[in-house]
$ cat data_22.cif   # mmCIF, C-alpha atoms
data_data
#
loop_
_atom_site.label_atom_id
_atom_site.label_comp_id
_atom_site.auth_asym_id
_atom_site.auth_seq_id
_atom_site.Cartn_x
_atom_site.Cartn_y
_atom_site.Cartn_z
CA MET A 1 55.80 -14.78 23.44
CA ARG A 2 54.41 -12.91 20.44
CA ALA A 3 51.27 -15.03 20.54
CA LEU A 4 50.85 -14.28 24.23
CA THR A 5 51.27 -10.56 23.55
CA ALA A 6 48.59 -10.73 20.86
CA ASP A 7 46.23 -12.46 23.32
CA ILE A 8 46.79 -9.76 25.92
CA GLU A 9 46.15 -7.01 23.37
CA ALA A 10 42.87 -8.69 22.39
CA ILE A 11 41.52 -8.40 25.96
CA ASP A 12 39.00 -5.55 26.24
CA GLU A 13 39.96 -2.88 28.74
CA VAL A 14 36.32 -2.05 29.51
CA GLU A 15 33.41 -4.50 29.26
CA VAL A 16 30.61 -3.00 27.17
CA PHE A 17 27.26 -4.79 27.20
CA GLY A 18 23.63 -4.39 26.24
CA ARG A 19 20.40 -6.38 26.44
CA VAL A 20 18.37 -8.42 23.98
CA LYS A 21 15.27 -6.42 23.05
CA THR A 22 13.58 -8.50 20.33
CA VAL A 23 14.12 -11.70 18.39
CA GLN A 24 12.50 -11.94 14.97
CA GLY A 25 13.35 -14.98 12.87
CA LEU A 26 17.14 -15.17 13.13
CA LEU A 27 17.55 -11.44 13.74
CA ILE A 28 18.39 -10.33 17.28
CA GLU A 29 17.97 -6.67 18.26
CA VAL A 30 20.20 -5.51 21.10
CA VAL A 31 19.88 -2.22 22.98
CA GLY A 32 22.85 -0.64 24.64
CA PRO A 33 25.68 1.82 23.98
CA VAL A 34 25.28 1.69 20.20
CA ARG A 35 27.84 4.46 19.66
CA GLU A 36 30.52 2.08 20.92
CA LEU A 37 29.66 -0.56 18.33
CA ARG A 38 30.45 -1.15 14.67
CA VAL A 39 29.30 -3.38 11.83
CA GLY A 40 31.20 -6.68 11.91
CA GLY A 41 31.76 -6.55 15.68
CA ARG A 42 31.28 -9.66 17.77
CA VAL A 43 28.66 -10.08 20.50
CA MET A 44 28.52 -12.80 23.14
CA ILE A 45 24.93 -13.33 24.30
CA GLU A 46 24.52 -15.01 27.67
CA THR A 47 21.71 -17.56 27.34
CA THR A 48 19.69 -19.37 29.96
CA GLY A 49 21.53 -22.20 31.66
CA GLY A 50 24.85 -20.37 31.72
CA GLY A 51 25.67 -20.81 28.02
CA THR A 52 26.79 -18.19 25.51
CA LEU A 53 25.87 -17.61 21.89
CA ALA A 54 28.23 -15.80 19.54
CA ALA A 55 26.69 -13.29 17.14
CA GLU A 56 27.84 -10.63 14.71
CA ILE A 57 26.57 -7.09 14.28
CA ILE A 58 25.31 -6.73 10.72
CA GLY A 59 23.64 -3.31 10.98
CA PHE A 60 21.71 -0.77 13.04
CA ARG A 61 18.08 0.33 13.13
CA ASP A 62 16.26 2.83 15.35
CA GLY A 63 19.21 2.99 17.73
CA HIS A 64 19.43 -0.79 18.10
CA ALA A 65 22.19 -3.16 17.01
CA LEU A 66 21.00 -5.86 14.61
CA CYS A 67 22.79 -9.17 15.16
CA LEU A 68 22.80 -12.58 13.53
CA PRO A 69 23.85 -15.67 15.51
CA PHE A 70 26.55 -18.21 14.72
CA GLY A 71 24.43 -21.00 16.17
CA PRO A 72 20.88 -21.96 17.17
CA LEU A 73 18.80 -19.47 19.16
CA SER A 74 17.73 -21.93 21.85
CA GLY A 75 18.14 -20.34 25.28
CA VAL A 76 17.94 -16.72 24.08
CA ARG A 77 15.27 -14.68 25.87
CA LEU A 78 14.34 -11.04 26.22
CA GLY A 79 16.72 -9.16 28.47
CA CYS A 80 19.65 -11.54 27.98
CA ARG A 81 22.98 -9.85 28.58
CA ALA A 82 24.95 -9.19 25.37
CA VAL A 83 28.66 -8.43 25.80
CA PHE A 84 30.30 -6.54 22.93
CA LYS A 85 33.83 -7.46 21.88
CA SER A 86 36.30 -5.01 20.41
CA HIS A 87 37.84 -7.56 18.00
CA ASP A 88 36.22 -9.04 14.89
CA GLY A 89 37.76 -12.46 15.23
CA ALA A 90 41.17 -13.64 14.07
CA VAL A 91 42.94 -16.97 13.65
CA TYR A 92 46.51 -18.04 14.35
CA PRO A 93 47.36 -20.54 11.61
CA ALA A 94 50.45 -22.73 11.75
CA ASP A 95 52.17 -25.25 9.49
CA ALA A 96 50.93 -28.04 11.76
CA TRP A 97 47.40 -27.42 10.50
CA LEU A 98 48.19 -29.40 7.36
CA GLY A 99 46.27 -32.65 7.28
CA ARG A 100 43.52 -31.35 9.56
CA VAL A 101 39.77 -30.81 9.17
CA ILE A 102 38.38 -27.71 10.87
CA ASN A 103 35.12 -25.79 11.11
CA ALA A 104 34.43 -22.12 10.34
CA ASN A 105 35.70 -21.08 13.78
CA ALA A 106 39.08 -22.75 13.13
CA GLU A 107 38.24 -25.52 15.61
CA PRO A 108 39.28 -29.12 14.85
CA ILE A 109 36.47 -31.53 13.98
CA ASP A 110 38.56 -34.55 12.98
CA GLY A 111 39.13 -35.97 16.45
CA LYS A 112 42.92 -35.57 16.24
CA GLY A 113 43.32 -33.23 19.17
CA PRO A 114 43.72 -29.46 19.43
CA LEU A 115 45.33 -27.34 16.73
CA ALA A 116 48.76 -25.84 17.19
CA ARG A 117 48.67 -22.08 17.64
CA GLY A 118 50.66 -19.89 15.29
CA VAL A 119 52.38 -16.62 16.10
CA GLU A 120 50.83 -14.05 13.76
CA PRO A 121 47.10 -13.29 13.87
CA TYR A 122 45.28 -13.31 10.52
CA GLY A 123 41.95 -11.54 10.15
CA LEU A 124 39.07 -13.34 8.50
CA LYS A 125 38.13 -10.41 6.27
CA GLN A 126 41.47 -9.41 4.82
CA VAL A 127 41.66 -6.72 2.16
CA PRO A 128 42.89 -7.99 -1.25
CA LEU A 129 46.43 -7.06 -2.23
CA PRO A 130 46.77 -3.80 -4.21
CA ALA A 131 46.51 -4.51 -7.93
CA HIS A 132 49.62 -2.46 -8.82
CA GLU A 133 51.80 -4.40 -6.36
CA ARG A 134 50.87 -7.89 -7.49
CA ALA A 135 53.00 -10.11 -9.66
CA ARG A 136 51.66 -11.50 -12.91
CA VAL A 137 50.34 -15.06 -13.20
CA GLY A 138 53.13 -17.58 -13.41
CA ALA A 139 53.90 -20.68 -15.44
CA PRO A 140 51.31 -23.39 -16.14
CA LEU A 141 50.30 -25.35 -13.05
CA ASP A 142 50.14 -29.09 -13.62
CA VAL A 143 46.89 -30.27 -12.01
CA GLY A 144 47.24 -33.86 -13.23
CA VAL A 145 43.92 -33.85 -15.15
CA ARG A 146 44.35 -34.29 -18.92
CA VAL A 147 41.35 -32.32 -20.08
CA LEU A 148 42.32 -29.30 -17.98
CA ASN A 149 46.06 -29.47 -18.63
CA THR A 150 45.56 -29.50 -22.38
CA PHE A 151 42.39 -27.56 -23.19
CA ALA A 152 41.96 -25.25 -20.15
CA THR A 153 45.51 -24.79 -18.90
CA ILE A 154 45.62 -23.20 -15.45
CA CYS A 155 48.50 -20.89 -14.61
CA ASP A 156 50.06 -20.36 -11.21
CA GLY A 157 47.99 -17.63 -9.51
CA GLN A 158 45.01 -17.89 -11.83
CA ARG A 159 41.39 -17.98 -10.66
CA MET A 160 39.00 -20.36 -12.43
CA GLY A 161 35.35 -21.21 -11.99
CA ILE A 162 33.91 -24.73 -12.26
CA PHE A 163 30.31 -24.37 -13.42
CA ALA A 164 28.13 -27.43 -13.04
CA GLY A 165 24.79 -28.72 -11.87
CA SER A 166 24.43 -31.11 -8.98
CA GLY A 167 25.71 -34.67 -9.35
CA VAL A 168 28.03 -34.26 -12.34
CA GLY A 169 31.33 -34.94 -10.57
CA LYS A 170 32.58 -31.64 -9.12
CA SER A 171 33.77 -33.25 -5.89
CA VAL A 172 35.66 -36.00 -7.70
CA LEU A 173 37.37 -33.45 -9.97
CA MET A 174 38.37 -31.37 -6.94
CA SER A 175 39.84 -34.40 -5.17
CA MET A 176 41.86 -35.31 -8.29
CA MET A 177 43.41 -31.83 -8.32
CA VAL A 178 44.19 -31.90 -4.60
CA ARG A 179 46.07 -35.20 -4.96
CA ASN A 180 47.80 -34.48 -8.27
CA ALA A 181 48.42 -30.73 -8.57
CA ALA A 182 52.01 -29.51 -8.44
CA ALA A 183 51.27 -27.13 -5.56
CA ASP A 184 52.88 -26.90 -2.13
CA VAL A 185 49.65 -26.69 -0.13
CA ALA A 186 45.95 -27.22 -0.85
CA VAL A 187 43.17 -25.53 1.11
CA VAL A 188 39.69 -26.98 0.51
CA GLY A 189 36.58 -25.10 1.61
CA LEU A 190 33.36 -27.13 1.76
CA ILE A 191 30.71 -24.43 2.06
CA GLY A 192 27.16 -25.57 2.80
CA GLU A 193 28.09 -29.18 2.04
CA ARG A 194 25.79 -32.11 2.81
CA GLY A 195 26.75 -33.53 6.18
CA ARG A 196 26.94 -37.14 5.01
CA GLU A 197 29.29 -36.26 2.13
CA VAL A 198 32.00 -34.62 4.24
CA GLN A 199 33.47 -37.85 5.56
CA GLU A 200 33.01 -39.47 2.17
CA PHE A 201 34.96 -36.67 0.47
CA ILE A 202 37.80 -36.78 3.02
CA THR A 203 38.12 -40.57 3.29
CA ASP A 204 37.23 -41.86 -0.17
CA TYR A 205 38.01 -38.99 -2.52
CA LEU A 206 41.02 -37.35 -0.86
CA GLY A 207 42.39 -40.32 1.02
CA ALA A 208 45.47 -40.33 3.22
CA ALA A 209 47.71 -39.08 0.40
CA GLY A 210 45.42 -36.18 -0.50
CA ILE A 211 44.80 -34.90 3.03
CA LYS A 212 48.49 -34.96 3.93
CA GLN A 213 49.28 -31.60 2.29
CA ALA A 214 45.81 -30.10 2.62
CA ILE A 215 43.53 -28.34 5.08
CA VAL A 216 39.79 -28.88 4.82
CA VAL A 217 37.40 -26.21 6.13
CA VAL A 218 33.85 -27.47 6.61
CA ALA A 219 30.52 -25.71 7.14
CA THR A 220 27.57 -28.01 6.50
CA SER A 221 24.23 -26.93 5.09
CA ASP A 222 22.48 -27.08 8.48
CA GLU A 223 24.80 -24.50 10.07
CA ALA A 224 23.94 -20.82 10.43
CA ALA A 225 24.40 -18.48 7.49
CA LEU A 226 27.21 -16.66 9.30
CA MET A 227 29.10 -19.94 9.77
CA ARG A 228 28.79 -20.80 6.08
CA ARG A 229 29.97 -17.35 5.06
CA GLN A 230 32.81 -17.38 7.60
CA ALA A 231 34.01 -20.76 6.31
CA ALA A 232 34.63 -19.12 2.93
CA TYR A 233 36.51 -16.24 4.59
CA LEU A 234 38.60 -18.68 6.64
CA THR A 235 39.49 -20.67 3.53
CA LEU A 236 41.00 -17.58 1.88
CA THR A 237 42.68 -16.52 5.14
CA LEU A 238 44.54 -19.83 5.35
CA CYS A 239 45.54 -19.48 1.70
CA GLU A 240 46.97 -16.03 2.45
CA TYR A 241 48.95 -17.40 5.38
CA TYR A 242 50.75 -19.97 3.24
CA ARG A 243 51.09 -17.52 0.35
CA ASP A 244 52.92 -15.11 2.66
CA GLN A 245 55.39 -17.92 3.37
CA GLY A 246 56.27 -18.04 -0.32
CA LYS A 247 54.34 -21.22 -1.10
CA ARG A 248 52.21 -22.05 -4.11
CA VAL A 249 48.73 -22.60 -2.73
CA LEU A 250 45.87 -24.37 -4.46
CA CYS A 251 42.53 -23.05 -3.17
CA LEU A 252 39.44 -25.15 -3.89
CA MET A 253 36.03 -23.92 -2.76
CA ASP A 254 32.74 -25.77 -3.15
CA SER A 255 30.70 -23.77 -3.66
CA LEU A 256 30.43 -20.04 -4.32
CA THR A 257 26.71 -20.45 -4.84
CA ARG A 258 26.20 -21.54 -1.24
CA PHE A 259 28.37 -18.63 -0.07
CA ALA A 260 26.07 -16.32 -2.05
CA GLN A 261 23.00 -18.00 -0.57
CA ALA A 262 24.38 -17.47 2.95
CA GLN A 263 24.98 -13.79 2.16
CA ARG A 264 21.45 -13.59 0.76
CA GLU A 265 20.04 -14.86 4.07
CA ILE A 266 22.06 -12.24 5.93
CA GLY A 267 21.05 -9.42 3.59
CA LEU A 268 17.36 -10.27 3.61
CA ALA A 269 17.38 -10.59 7.42
CA ILE A 270 18.57 -7.01 7.76
CA GLY A 271 15.96 -5.76 5.29
CA GLU A 272 17.91 -5.35 2.05
CA PRO A 273 15.74 -5.26 -1.07
CA PRO A 274 15.86 -8.46 -3.14
CA THR A 275 16.99 -8.01 -6.74
CA ALA A 276 17.87 -10.75 -9.25
CA LYS A 277 16.34 -14.05 -8.08
CA GLY A 278 16.05 -12.69 -4.57
CA TYR A 279 19.75 -11.87 -4.16
CA PRO A 280 20.29 -8.50 -2.43
CA PRO A 281 22.97 -6.05 -3.63
CA THR A 282 25.52 -7.04 -0.96
CA VAL A 283 25.86 -10.49 -2.56
CA PHE A 284 27.35 -8.93 -5.68
CA THR A 285 29.56 -6.72 -3.50
CA GLU A 286 30.94 -9.56 -1.38
CA LEU A 287 31.70 -11.90 -4.29
CA PRO A 288 34.54 -9.80 -5.79
CA ARG A 289 35.89 -8.98 -2.32
CA LEU A 290 36.22 -12.69 -1.64
CA LEU A 291 37.52 -13.75 -5.05
CA GLU A 292 40.08 -10.95 -5.37
CA ARG A 293 41.88 -12.31 -2.31
CA ALA A 294 43.05 -15.20 -4.48
CA GLY A 295 45.57 -14.75 -7.26
CA PRO A 296 49.26 -13.86 -7.52
CA GLY A 297 50.99 -12.49 -4.45
CA LEU A 298 53.56 -9.76 -4.27
CA VAL A 299 56.62 -9.95 -6.52
CA ASN A 300 58.95 -12.79 -5.41
CA SER A 301 56.35 -14.22 -3.03
CA GLY A 302 53.85 -17.07 -3.12
CA SER A 303 50.57 -17.31 -4.97
CA VAL A 304 47.01 -18.58 -4.56
CA THR A 305 45.60 -20.50 -7.51
CA GLY A 306 41.85 -20.56 -6.98
CA LEU A 307 39.24 -22.95 -8.34
CA PHE A 308 35.72 -22.08 -7.25
CA THR A 309 32.70 -24.19 -8.07
CA VAL A 310 29.39 -22.61 -9.02
CA LEU A 311 26.28 -24.75 -8.61
CA VAL A 312 24.14 -23.63 -11.54
CA GLU A 313 20.45 -23.94 -10.66
CA GLY A 314 18.53 -26.07 -13.12
CA ASP A 315 21.67 -26.27 -15.30
CA ASP A 316 21.10 -22.60 -16.17
CA HIS A 317 24.58 -21.21 -16.79
CA ASN A 318 23.22 -17.66 -17.10
CA GLU A 319 21.64 -17.40 -13.65
CA PRO A 320 22.74 -14.31 -11.62
CA ILE A 321 25.55 -15.85 -9.53
CA ALA A 322 27.09 -17.74 -12.45
CA ASP A 323 26.92 -14.62 -14.61
CA ALA A 324 28.54 -12.43 -11.94
CA VAL A 325 31.32 -14.92 -11.13
CA ARG A 326 32.14 -15.48 -14.78
CA GLY A 327 32.91 -11.77 -15.12
CA ILE A 328 35.25 -11.77 -12.11
CA LEU A 329 37.34 -14.90 -12.67
CA ASP A 330 40.06 -15.62 -15.22
CA GLY A 331 38.22 -18.39 -17.01
CA HIS A 332 35.58 -21.05 -16.55
CA ILE A 333 35.33 -24.83 -16.73
CA VAL A 334 31.89 -26.05 -17.77
CA MET A 335 30.75 -29.51 -16.67
CA GLU A 336 27.60 -30.88 -18.33
CA ARG A 337 25.10 -33.47 -17.19
CA ALA A 338 24.71 -34.92 -20.70
CA ILE A 339 28.43 -35.81 -20.79
CA ALA A 340 28.23 -37.39 -17.33
CA GLU A 341 25.17 -39.39 -18.35
CA ARG A 342 27.07 -41.07 -21.14
CA GLY A 343 29.76 -42.11 -18.67
CA ARG A 344 32.66 -39.81 -19.44
CA TYR A 345 34.32 -38.30 -16.37
CA PRO A 346 35.41 -35.59 -15.79
CA ALA A 347 32.31 -34.35 -17.61
CA VAL A 348 34.02 -31.21 -18.96
CA ASN A 349 32.68 -29.58 -22.11
CA VAL A 350 35.90 -28.51 -23.82
CA LEU A 351 34.21 -26.23 -26.36
CA ARG A 352 32.44 -24.21 -23.66
CA SER A 353 35.42 -24.02 -21.29
CA ILE A 354 38.09 -21.35 -21.55
CA SER A 355 41.20 -20.23 -19.71
CA ARG A 356 41.95 -16.56 -20.31
CA THR A 357 45.66 -16.94 -19.56
CA MET A 358 46.10 -20.01 -21.75
CA PRO A 359 47.17 -18.23 -25.00
CA GLN A 360 50.27 -16.82 -23.27
CA CYS A 361 51.35 -19.99 -21.46
CA VAL A 362 50.98 -22.75 -24.08
CA PRO A 363 54.22 -23.56 -25.99
CA VAL A 364 54.12 -22.36 -29.60
CA PRO A 365 54.73 -25.84 -31.14
CA VAL A 366 51.71 -27.23 -29.30
CA ARG A 367 49.21 -24.58 -30.38
CA PRO A 368 48.45 -26.10 -33.82
CA VAL A 369 47.78 -29.46 -32.15
CA LEU A 370 45.25 -27.94 -29.76
CA GLN A 371 43.65 -25.95 -32.56
CA ARG A 372 43.20 -29.07 -34.71
CA ALA A 373 41.73 -31.02 -31.80
CA ARG A 374 39.24 -28.26 -31.04
CA GLU A 375 38.34 -28.06 -34.72
CA PHE A 376 37.55 -31.77 -34.90
CA MET A 377 35.48 -31.63 -31.71
CA SER A 378 33.59 -28.60 -33.01
CA VAL A 379 32.84 -30.27 -36.34
CA PHE A 380 31.55 -33.40 -34.59
CA ALA A 381 29.43 -31.32 -32.18
CA ASP A 382 27.82 -29.46 -35.10
CA MET A 383 26.92 -32.71 -36.87
CA GLU A 384 26.35 -34.90 -33.80
CA GLU A 385 22.57 -35.04 -34.02
CA LEU A 386 22.61 -36.00 -37.70
CA ILE A 387 25.32 -38.60 -37.08
CA ARG A 388 23.43 -40.26 -34.22
CA LEU A 389 20.20 -40.29 -36.25
CA GLY A 390 22.00 -41.88 -39.19
CA ALA A 391 21.15 -38.96 -41.47
CA TYR A 392 24.78 -38.29 -42.35
CA ARG A 393 26.21 -40.32 -45.25
CA LYS A 394 29.85 -41.23 -45.00
CA GLY A 395 31.96 -39.53 -47.66
CA SER A 396 29.82 -36.40 -47.89
CA ASP A 397 32.42 -34.27 -46.13
CA PRO A 398 36.05 -35.41 -45.54
CA GLN A 399 36.39 -33.16 -42.46
CA VAL A 400 33.31 -34.70 -40.85
CA ASP A 401 34.60 -38.18 -41.71
CA ARG A 402 37.86 -37.44 -39.93
CA ALA A 403 35.99 -36.02 -36.92
CA ILE A 404 33.90 -39.20 -36.73
CA ALA A 405 37.02 -41.35 -36.96
CA LEU A 406 38.73 -39.43 -34.15
CA TYR A 407 35.74 -39.12 -31.84
CA PRO A 408 36.19 -42.43 -29.91
CA ALA A 409 39.90 -41.78 -29.27
CA LEU A 410 39.27 -38.18 -28.19
CA GLU A 411 36.53 -39.29 -25.80
CA VAL A 412 38.95 -41.76 -24.19
CA PHE A 413 41.57 -39.03 -23.95
CA LEU A 414 39.17 -36.57 -22.29
CA GLY A 415 38.04 -39.17 -19.75
CA GLN A 416 40.22 -40.09 -16.80
CA GLN A 417 40.01 -42.40 -13.80
CA ARG A 418 39.98 -40.88 -10.34
CA ASP A 419 43.35 -42.36 -9.35
CA GLU A 420 45.04 -41.61 -12.69
CA ARG A 421 47.50 -38.76 -13.24
CA THR A 422 48.77 -37.26 -16.50
CA THR A 423 51.34 -34.48 -16.74
CA ILE A 424 51.03 -31.55 -19.12
CA ALA A 425 53.80 -32.84 -21.41
CA ASP A 426 52.34 -36.36 -21.52
CA GLY A 427 48.93 -34.94 -22.36
CA TYR A 428 50.31 -33.04 -25.34
CA GLN A 429 52.09 -36.15 -26.61
CA MET A 430 48.98 -38.33 -26.26
CA LEU A 431 46.84 -35.77 -28.07
CA GLU A 432 49.33 -35.39 -30.91
CA ALA A 433 49.51 -39.17 -31.34
CA ILE A 434 45.72 -39.32 -31.64
CA LEU A 435 45.61 -36.59 -34.28
CA ASP A 436 48.38 -38.21 -36.31
CA LYS A 437 46.05 -41.13 -36.98
CA VAL A 438 44.02 -39.05 -39.46
CA GLY A 439 47.10 -38.50 -41.60
CA PRO A 440 48.44 -35.42 -43.37
CA ALA A 441 45.13 -34.77 -45.15
CA SER A 442 43.72 -33.21 -41.99
CA LYS A 443 46.49 -30.67 -41.67
#

$ encode --input "data_22.cif" --output "structure tokens"
Amino acid sequence: MRALTADIEAIDEVEVFGRVKTVQGLLIEVVGPVRELRVGGRVMIETTGGGTLAAEIIGFRDGHALCLPFGPLSGVRLGCRAVFKSHDGAVYPADAWLGRVINANAEPIDGKGPLARGVEPYGLKQVPLPAHERARVGAPLDVGVRVLNTFATICDGQRMGIFAGSGVGKSVLMSMMVRNAAADVAVVGLIGERGREVQEFITDYLGAAGIKQAIVVVATSDEAALMRRQAAYLTLTLCEYYRDQGKRVLCLMDSLTRFAQAQREIGLAIGEPPTAKGYPPTVFTELPRLLERAGPGLVNSGSVTGLFTVLVEGDDHNEPIADAVRGILDGHIVMERAIAERGRYPAVNVLRSISRTMPQCVPVPVRPVLQRAREFMSVFADMEELIRLGAYRKGSDPQVDRAIALYPALEVFLGQQRDERTTIADGYQMLEAILDKVGPASK
């Protein structure tokens, strides 16, 4: 009954419409009662052949409404009727959505029939929770991946970035966390993903066990910029729905870079000035608005632990989007192509990765073990080139000798098979056993 009431309230009392005046690129200018409109409002454009095209108002110019479409412009002509809607779009999520694959409009694309309709409407562009009302991050969240559990521990309600170039194993790492993390629900957003990889990710990487407690939101690279951006909004909206039910939600989004690129297309279409690498100012405004929706919920409620991938262009970790995201999130995981090329997966660079909440959540007895392991890895990294060239003579430095002796075992420890799972406690024990091999002289 409440859902029916919400539907009735969403019906416009008066139909307000205008006409298409010009179409330039993807930008549609509509004339009509502009005073009745607002930025973010929805427009349904009646195309030739009796079809309709959904669009969103992104600005105004010279008394005209500037709109961007959610689909292809085929069938749009001058003078087409454009009906303005009073609502900005909302979804009605339900628990039965678990295990489903949907698009940016919350429509099923997995061939399993229609989605169940929930009771409460959730807006796509929710405002982040007030900072002073939020709980603090919780206890460590076991994600089942050794290298992250030990050296970049993620806490319940934390937001982390995964920075990597293309083809270094981001998707595999995400699927491992979906299957193994000690969370109640996982929401995966594939933003601007290659079309052929969607089914591969769902079938091969996630599998039946992974998809069971997850929802996958998909917007492929060939879809309109508004659809790609809305897929990111929908991903966080679904996370908020389950968070409000008191559940621990794992949010995985791949990738923030493609969300930023979609926002760049929208900003440039409306005439915003390009700044760093062509990104207009609204990109750097929308990023924190999106990311701040993840994190701890209210006191005694659920949480959203967010992991957002950043596709660094040309392996440049200081490009504008990576730099901006790094300043917003609570830590970063760096994946490197050189590590992947030598066959170690996940290809995480431990020395360049950091979790800002880790110092408070790691047990005190374990801290010396982690410090020693990092020290050995740092020593080996400093001398790696000389060691591989044969320029280092054994016995010159006892610390380097110990680092060389431990290197093979540490590399095995940092690597992990896709179907393998290691708890936080087991990871600490394995690491301590490896370090004990060098004897008391290393302590």

$ resolve_selection --input "data_22.cif" --expression "the PyMOL selection byres ((chain A and resi 126-139) around 6)" --output "VMD selection string"
chain A and resid 123 to 125 140 155 to 157 292 to 293 296 to 299

$ resolve_selection --input "data_22.cif" --expression "the PyMOL selection byres ((chain A and resi 355) around 8)" --output "PDB file with C-alpha atoms, keeping the file's coordinate frame"
ATOM      1  CA  ALA A 152      41.960 -25.250 -20.150  1.00  0.00           C
ATOM      2  CA  THR A 153      45.510 -24.790 -18.900  1.00  0.00           C
ATOM      3  CA  ILE A 154      45.620 -23.200 -15.450  1.00  0.00           C
ATOM      4  CA  MET A 160      39.000 -20.360 -12.430  1.00  0.00           C
ATOM      5  CA  ASP A 330      40.060 -15.620 -15.220  1.00  0.00           C
ATOM      6  CA  GLY A 331      38.220 -18.390 -17.010  1.00  0.00           C
ATOM      7  CA  HIS A 332      35.580 -21.050 -16.550  1.00  0.00           C
ATOM      8  CA  SER A 353      35.420 -24.020 -21.290  1.00  0.00           C
ATOM      9  CA  ILE A 354      38.090 -21.350 -21.550  1.00  0.00           C
ATOM     10  CA  ARG A 356      41.950 -16.560 -20.310  1.00  0.00           C
ATOM     11  CA  THR A 357      45.660 -16.940 -19.560  1.00  0.00           C
ATOM     12  CA  MET A 358      46.100 -20.010 -21.750  1.00  0.00           C
TER      13      MET A 358
END

$ residues_around --input "data_22.cif" --residues "Val312 (chain A)" --least-positions-apart "2" --cutoff "10 Å" --atoms "only C-alpha atoms" --output "ChimeraX atom specification"
/A:162-166,257,309-310,314-323

$ residues_near_point --input "data_22.cif" --point "(33.4, -33.7, -3.3)" --cutoff "9 Å" --atoms "all atoms listed in the file" --output "MDAnalysis selection string"
chainID A and resid 169:175 190 193 197:198 200:202 205:206 254

$ resolve_selection --input "data_22.cif" --expression "the PyMOL selection byres ((chain A and resi 21-32) around 7)" --output "VMD selection string"
chain A and resid 17 to 20 33 to 34 64 to 68 78 to 79 269

$ write_last_selection --input "data_22.cif" --atoms "C-alpha atoms" --output "JSON list (two decimals), in the coordinates of the input"
[["chain", "number", "residue", "atom", "x", "y", "z"],
["A", 17, "PHE", "CA", 27.26, -4.79, 27.20],
["A", 18, "GLY", "CA", 23.63, -4.39, 26.24],
["A", 19, "ARG", "CA", 20.40, -6.38, 26.44],
["A", 20, "VAL", "CA", 18.37, -8.42, 23.98],
["A", 33, "PRO", "CA", 25.68, 1.82, 23.98],
["A", 34, "VAL", "CA", 25.28, 1.69, 20.20],
["A", 64, "HIS", "CA", 19.43, -0.79, 18.10],
["A", 65, "ALA", "CA", 22.19, -3.16, 17.01],
["A", 66, "LEU", "CA", 21.00, -5.86, 14.61],
["A", 67, "CYS", "CA", 22.79, -9.17, 15.16],
["A", 68, "LEU", "CA", 22.80, -12.58, 13.53],
["A", 78, "LEU", "CA", 14.34, -11.04, 26.22],
["A", 79, "GLY", "CA", 16.72, -9.16, 28.47],
["A", 269, "ALA", "CA", 17.38, -10.59, 7.42]]

$ closest_atom_pairs --input "data_22.cif" --of "region 206-236 of chain A" --to "region 272-287 of chain A" --cutoff "12 Å" --atoms "all atoms listed in the file" --output "tab-separated table"
residue	atom	partner	partner_atom	distance
A:Arg229	CA	A:Glu286	CA	10.2
A:Ala232	CA	A:Leu287	CA	10.6
A:Tyr233	CA	A:Glu286	CA	10.5

$ residues_around --input "data_22.cif" --residues "Leu98 (chain A)" --least-positions-apart "6" --cutoff "6 Å" --atoms "all atoms listed in the file" --output "PyMOL selection string"
chain A and resi 213-215

$ closest_residue --input "data_22.cif" --among "A:Leu53, A:Ala262, A:Ala208, A:Ala433" --to "Gly75 (chain A)" --atoms "all atoms listed in the file"
A:Leu53

$ residues_around --input "data_22.cif" --residues "Glu107 (chain A)" --least-positions-apart "4" --cutoff "12 Å" --atoms "only C-alpha atoms" --output "mmCIF file with C-alpha atoms, in the coordinates of the input"
data_model
loop_
_atom_site.group_PDB
_atom_site.id
_atom_site.type_symbol
_atom_site.label_atom_id
_atom_site.label_comp_id
_atom_site.auth_asym_id
_atom_site.auth_seq_id
_atom_site.Cartn_x
_atom_site.Cartn_y
_atom_site.Cartn_z
ATOM 1 C CA VAL A 91 42.940 -16.970 13.650
ATOM 2 C CA TYR A 92 46.510 -18.040 14.350
ATOM 3 C CA PRO A 93 47.360 -20.540 11.610
ATOM 4 C CA TRP A 97 47.400 -27.420 10.500
ATOM 5 C CA ARG A 100 43.520 -31.350 9.560
ATOM 6 C CA VAL A 101 39.770 -30.810 9.170
ATOM 7 C CA ILE A 102 38.380 -27.710 10.870
ATOM 8 C CA ASN A 103 35.120 -25.790 11.110
ATOM 9 C CA GLY A 111 39.130 -35.970 16.450
ATOM 10 C CA LYS A 112 42.920 -35.570 16.240
ATOM 11 C CA GLY A 113 43.320 -33.230 19.170
ATOM 12 C CA PRO A 114 43.720 -29.460 19.430
ATOM 13 C CA LEU A 115 45.330 -27.340 16.730
ATOM 14 C CA ALA A 116 48.760 -25.840 17.190
ATOM 15 C CA ARG A 117 48.670 -22.080 17.640
ATOM 16 C CA VAL A 216 39.790 -28.880 4.820
ATOM 17 C CA VAL A 217 37.400 -26.210 6.130
ATOM 18 C CA VAL A 218 33.850 -27.470 6.610
ATOM 19 C CA ALA A 219 30.520 -25.710 7.140
ATOM 20 C CA ALA A 231 34.010 -20.760 6.310
ATOM 21 C CA LEU A 234 38.600 -18.680 6.640
#

$ closest_residue --input "data_22.cif" --among "A:Met383, A:Gly210, A:Leu290, A:Asp426" --to "Asp397 (chain A)" --atoms "all atoms listed in the file"
A:Met383

$ closest_residue --input "data_22.cif" --among "A:Ile424, A:Leu311, A:Ala391, A:Leu435" --to "Val168 (chain A)" --atoms "all atoms listed in the file"
A:Leu311
